[in-house]
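I have placed the structure first, in the form of structure tokens, so that the comments after it can refer back to it.
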Amino acid sequence: MTKNPAELSRDELLAVVTGVVQILYGNEQEDGSCTYAPDSVWSGADVCESLAALLEQFGLVPGPEDDGTVIGPDGPVDHTEDDAEAPPDIPPPTQRYVLFDFDIDRLVTTDAYTNYDEASAVAAALDNVIIVPLRFMAWEAMEATEADEEEEEEEEEQSH
């Protein structure tokens with residue numbers, strides 16, 4: 001399981017933030033020091049690779065066992081079976097994966113893969129590609145949820 005960012009010490013959090021700033025705005029000098037370069041030009045693949053390496057140093061890179069784990073504001077959220085159940089009239093969100101290429105700054109294909117392993121197999125044959133998870137609800141469920149929210153708002157306005 002990925003380490004929860006809330007488990008990091010203050011010093012570790014400062015090291016992560018400092019690392020991100022250096023990756024995005026650092027200009028390494030010949031003597032090994034780093035100076036700020038506010039006008040830095042980034043290469044998407046290089047930045048992502050550097051950020052991933054930084055996060056890996058602190059145990060924050062999710063593994064295959066984390067696939068589908070909900071990430072809350074305080075890190076991964078543990079759910080019981082009861083928590084995971086959606087109301088019976090709303091289907092659970094669907095997870096799909098797409099491939100994004102940083103060299104061309106767009107999706108590699110219009111295919112949406114149903115599982116991470118399938119997307120990973122295709123991505124392994126390509127350069128500078130990341131797997132992007134997408135979660136979405138069925139259109140009918142979104143409309144039902146919006147209608148319920150509007151009805152609640154109307155009831156609340158009438159009660160005042």
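So you can find residues: chains in the structure tokens are A, B, ... in the order shown, residues in each start at 1, and ligands are numbered from 1 in order.
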Polymer residues at most 7 Å from A:Tyr25, only C-alpha atoms, same-chain spacing of 5 or more positions, as a ChimeraX atom specification: /A:36-38,40
Kindly export the residues of the current selection with N, CA and C atoms, as an mmCIF file, in the first residue's frame.
```cif
data_model
loop_
_atom_site.group_PDB
_atom_site.id
_atom_site.type_symbol
_atom_site.label_atom_id
_atom_site.label_comp_id
_atom_site.auth_asym_id
_atom_site.auth_seq_id
_atom_site.Cartn_x
_atom_site.Cartn_y
_atom_site.Cartn_z
ATOM 1 N N TYR A 36 17.077 29.412 -8.625
ATOM 2 C CA TYR A 36 15.738 29.520 -9.186
ATOM 3 C C TYR A 36 15.779 30.107 -10.587
ATOM 4 N N ALA A 37 14.943 29.558 -11.458
ATOM 5 C CA ALA A 37 14.787 30.053 -12.822
ATOM 6 C C ALA A 37 13.276 30.160 -13.076
ATOM 7 N N PRO A 38 12.663 31.306 -12.686
ATOM 8 C CA PRO A 38 11.206 31.451 -12.795
ATOM 9 C C PRO A 38 10.650 31.260 -14.204
ATOM 10 N N SER A 40 11.433 28.953 -16.350
ATOM 11 C CA SER A 40 11.794 27.613 -16.807
ATOM 12 C C SER A 40 10.831 27.113 -17.875
#
```
Do you know which residues are at most 12 Å from A:Ile104 counting only C-alpha atoms, after dropping those on the same chain fewer than 6 positions away, and could you put them as number ranges by chain? A: 43-45, 127-129
Between atom CA of A:Leu24 and atom CA of A:Ser50, what is the spacing in Å? 9.4 Å
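Atom pair atom CA of A:Tyr97 / atom CA of A:Tyr113 has a distance of 4.9 Å (rounded to one decimal).
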Name all residues at most 10 Å from A:Leu107 (count only C-alpha atoms; drop same-chain ones fewer than 3 positions away) and give them as a list in words. Val98, Leu99, Phe100, Asp101, Phe102, Ile104, Thr110, Asp111, Val129, Ile130, Ile131 and Val132 of chain A
Would you please work out which residue, of A:Gln95, A:Thr114, A:Ser9, A:Gln57, is nearest to A:Val70 when using only C-alpha atoms?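 Between A:Gln95, A:Thr114, A:Ser9, A:Gln57, the residue approaching A:Val70 most closely is A:Gln95.
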Two-atom distance - atom CA of A:Lys3, atom CA of A:Gly68 (Å):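 One can read the atom CA of A:Lys3 to atom CA of A:Gly68 distance as 15.4 Å.
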From the set A:Glu7, A:Asp67, A:Glu152, A:Glu49, which residue has the shortest atom-to-atom contact distance to A:Val20, counting only C-alpha atoms? A:Glu49
Would you pick out the contacts of stretch 12-18 of chain A at 8 Å or less, using only C-alpha atoms, so that residues sharing its chain but fewer than 6 positions from it are not included, and give the list as a ChimeraX atom specification? /A:54-55,58
